[in-house]
$ cat run-v1.cif   # mmCIF, C-alpha atoms
data_final
#
loop_
_atom_site.label_atom_id
_atom_site.label_comp_id
_atom_site.auth_asym_id
_atom_site.auth_seq_id
_atom_site.Cartn_x
_atom_site.Cartn_y
_atom_site.Cartn_z
CA MET E 1 -2.18 6.49 4.86
CA ALA E 2 -5.22 4.27 5.15
CA GLY E 3 -8.87 5.07 4.60
CA PHE E 4 -11.75 4.82 7.06
CA GLN E 5 -12.48 1.35 8.54
CA SER E 6 -9.48 -0.37 6.94
CA GLN E 7 -8.17 -3.47 8.73
CA PHE E 8 -4.61 -4.72 9.14
CA ILE E 9 -4.68 -8.35 10.23
CA SER E 10 -1.14 -9.50 11.00
CA HIS E 11 -1.94 -12.41 13.36
CA THR E 12 -3.55 -15.79 12.76
CA ILE E 13 -4.51 -18.49 15.24
CA ASN E 14 -4.20 -22.22 14.61
CA ILE E 15 -6.77 -23.64 17.03
CA LYS E 16 -5.75 -27.26 16.42
CA GLU E 17 -2.13 -26.62 17.41
CA ASN E 18 -2.99 -23.87 19.93
CA GLN E 19 -0.51 -21.56 18.25
CA GLN E 20 -0.55 -17.92 17.22
CA THR E 21 1.63 -16.63 14.38
CA SER E 22 2.20 -13.19 12.94
CA ARG E 23 3.57 -11.86 9.67
CA PRO E 24 4.48 -8.26 8.84
CA ILE E 25 2.41 -5.99 6.62
CA SER E 26 4.33 -3.44 4.58
CA ILE E 27 3.02 -0.21 3.05
CA GLY E 28 5.48 1.79 0.98
CA ASP E 29 6.22 5.48 1.11
CA TYR E 30 3.62 7.75 -0.53
CA SER E 31 1.13 4.87 -0.94
CA PHE E 32 -2.59 5.10 -0.23
CA VAL E 33 -4.96 2.40 1.07
CA GLY E 34 -8.65 3.06 0.35
CA SER E 35 -11.50 2.81 2.88
CA ASN E 36 -12.84 -0.56 4.06
CA SER E 37 -9.77 -2.43 2.79
CA VAL E 38 -8.28 -5.52 4.46
CA LEU E 39 -4.54 -6.24 4.48
CA VAL E 40 -3.41 -9.60 5.85
CA GLY E 41 -0.06 -10.78 7.18
CA GLY E 42 2.63 -11.04 4.53
CA ALA E 43 1.01 -8.40 2.32
CA ALA E 44 3.15 -5.64 0.83
CA LEU E 45 2.15 -2.53 -1.07
CA PRO E 46 5.17 -0.87 -2.75
CA ASN E 47 6.09 2.82 -2.80
CA CYS E 48 3.87 5.28 -4.68
CA CYS E 49 0.88 2.94 -5.15
CA VAL E 50 -2.87 3.41 -4.80
CA PHE E 51 -4.95 0.59 -3.34
CA CYS E 52 -8.65 1.11 -4.14
CA ALA E 53 -11.43 0.95 -1.52
CA LYS E 54 -13.02 -2.29 -0.27
CA LEU E 55 -10.19 -4.58 -1.37
CA LEU E 56 -8.26 -7.53 0.02
CA LEU E 57 -4.47 -7.43 -0.16
CA ASN E 58 -3.20 -10.93 0.57
CA MET E 59 0.19 -11.02 -1.18
CA ALA E 60 3.34 -8.97 -1.62
CA TYR E 61 3.68 -6.77 -4.71
CA THR E 62 6.96 -5.13 -5.77
CA PRO E 63 6.43 -2.82 -8.81
CA THR E 64 6.00 0.83 -7.86
CA HIS E 65 3.63 3.44 -9.35
CA ARG E 66 0.63 1.15 -9.77
CA LEU E 67 -3.12 1.28 -9.17
CA TYR E 68 -4.52 -1.88 -7.58
CA GLY E 69 -8.18 -2.95 -7.60
CA ARG E 70 -10.62 -5.90 -7.63
CA VAL E 71 -10.88 -8.71 -5.05
CA PRO E 72 -8.38 -10.14 -4.41
CA ALA E 73 -6.23 -7.18 -5.45
CA ARG E 74 -4.44 -7.11 -8.79
CA LYS E 75 -2.83 -4.43 -10.92
CA LEU E 76 -5.32 -2.30 -12.85
CA SER E 77 -2.89 0.19 -14.36
CA SER E 78 0.46 1.87 -13.96
CA TYR E 79 1.52 5.49 -14.20
CA ARG E 80 4.69 7.46 -14.69
CA PRO E 81 6.13 9.28 -11.69
CA ILE E 82 5.92 13.07 -11.68
CA PRO E 83 9.41 14.62 -11.67
CA ALA E 84 10.31 16.00 -8.26
CA ILE E 85 10.74 19.73 -7.80
CA SER E 86 14.16 20.55 -6.46
CA THR E 87 14.03 22.08 -2.99
CA THR E 88 17.57 23.40 -3.39
CA ALA E 89 16.91 25.43 -6.53
CA ARG E 90 17.67 29.13 -6.14
CA VAL E 91 15.59 31.81 -7.70
CA SER E 92 17.24 35.08 -8.57
CA LEU E 93 15.08 38.17 -8.40
CA SER E 94 16.33 41.36 -9.96
CA ASN E 95 14.82 44.84 -9.92
#
$ encode --input "run-v1.cif" --output "structure tokens"
Amino acid sequence: MAGFQSQFISHTINIKENQQTSRPISIGDYSFVGSNSVLVGGAALPNCCVFCAKLLLNMAYTPTHRLYGRVPARKLSSYRPIPAISTTARVSLSN
């Protein structure tokens, strides 16, 4: 998910060589990109991360469960994952 007015810039143009290149941008599962952020080609945000508003992500990060901030982006803090609730658990109701 990405906030309002975020930009994903995967292509660059080399005017001198008249050549266009592209690099992938990766956003992990359950990650959030804040409003007005810019992500450039080659950038990667891992699973379960929060990327604050108005930031530039210009590199690939790998640790999960992190909060990223500042310009350019860097790790501000980390957090422990919340244990998942089992969807297969059975509840027994008795009268």
$ closest_residue --input "run-v1.cif" --among "E:Leu57, E:Ile13, E:Leu76, E:Ser26" --to "Ala44 of chain E" --atoms "all atoms listed in the file"
E:Ser26
$ residues_near_point --input "run-v1.cif" --point "(-10.0, -9.2, -2.1)" --cutoff "10 Å" --atoms "all atoms listed in the file" --output "tab-separated table (two decimals) with C-alpha atoms, in the coordinates of the input"
chain	number	residue	atom	x	y	z
E	37	SER	CA	-9.77	-2.43	2.79
E	38	VAL	CA	-8.28	-5.52	4.46
E	39	LEU	CA	-4.54	-6.24	4.48
E	54	LYS	CA	-13.02	-2.29	-0.27
E	55	LEU	CA	-10.19	-4.58	-1.37
E	56	LEU	CA	-8.26	-7.53	0.02
E	57	LEU	CA	-4.47	-7.43	-0.16
E	58	ASN	CA	-3.20	-10.93	0.57
E	69	GLY	CA	-8.18	-2.95	-7.60
E	70	ARG	CA	-10.62	-5.90	-7.63
E	71	VAL	CA	-10.88	-8.71	-5.05
E	72	PRO	CA	-8.38	-10.14	-4.41
E	73	ALA	CA	-6.23	-7.18	-5.45
E	74	ARG	CA	-4.44	-7.11	-8.79
$ resolve_selection --input "run-v1.cif" --expression "the PyMOL selection byres ((chain E and resi 49) around 7)" --output "list in words"
Ser31, Phe32, Leu45, Pro46, Asn47, Cys48, Val50, Phe51, Thr64, His65, Arg66 and Leu67 of chain E
$ resolve_selection --input "run-v1.cif" --expression "the PyMOL selection byres ((chain E and resi 5) around 8)" --output "short mmCIF file (atom, residue, chain, number, x, y, z; two decimals) with C-alpha atoms, keeping the file's coordinate frame"
data_model
loop_
_atom_site.label_atom_id
_atom_site.label_comp_id
_atom_site.auth_asym_id
_atom_site.auth_seq_id
_atom_site.Cartn_x
_atom_site.Cartn_y
_atom_site.Cartn_z
CA GLY E 3 -8.87 5.07 4.60
CA PHE E 4 -11.75 4.82 7.06
CA SER E 6 -9.48 -0.37 6.94
CA GLN E 7 -8.17 -3.47 8.73
CA SER E 35 -11.50 2.81 2.88
CA ASN E 36 -12.84 -0.56 4.06
CA SER E 37 -9.77 -2.43 2.79
#
$ closest_residue --input "run-v1.cif" --among "E:Gly41, E:Ala53, E:Pro63, E:Ile15" --to "Arg80 of chain E" --atoms "all atoms listed in the file"
E:Pro63
$ atom_distance --input "run-v1.cif" --atom1 "atom CA of His11 of chain E" --atom2 "atom CA of Thr62 of chain E"
22.3 Å
$ atom_distance --input "run-v1.cif" --atom1 "atom CA of Gly28 of chain E" --atom2 "atom CA of Tyr61 of chain E"
10.4 Å
$ atom_distance --input "run-v1.cif" --atom1 "atom CA of Ser22 of chain E" --atom2 "atom CA of Ser10 of chain E"
5.3 Å
$ resolve_selection --input "run-v1.cif" --expression "the PyMOL selection byres ((chain E and resi 42) around 7)" --output "JSON list (two decimals) with C-alpha atoms, in the frame of the given file"
[["chain", "number", "residue", "atom", "x", "y", "z"],
["E", 23, "ARG", "CA", 3.57, -11.86, 9.67],
["E", 24, "PRO", "CA", 4.48, -8.26, 8.84],
["E", 25, "ILE", "CA", 2.41, -5.99, 6.62],
["E", 40, "VAL", "CA", -3.41, -9.60, 5.85],
["E", 41, "GLY", "CA", -0.06, -10.78, 7.18],
["E", 43, "ALA", "CA", 1.01, -8.40, 2.32],
["E", 44, "ALA", "CA", 3.15, -5.64, 0.83],
["E", 59, "MET", "CA", 0.19, -11.02, -1.18],
["E", 60, "ALA", "CA", 3.34, -8.97, -1.62]]
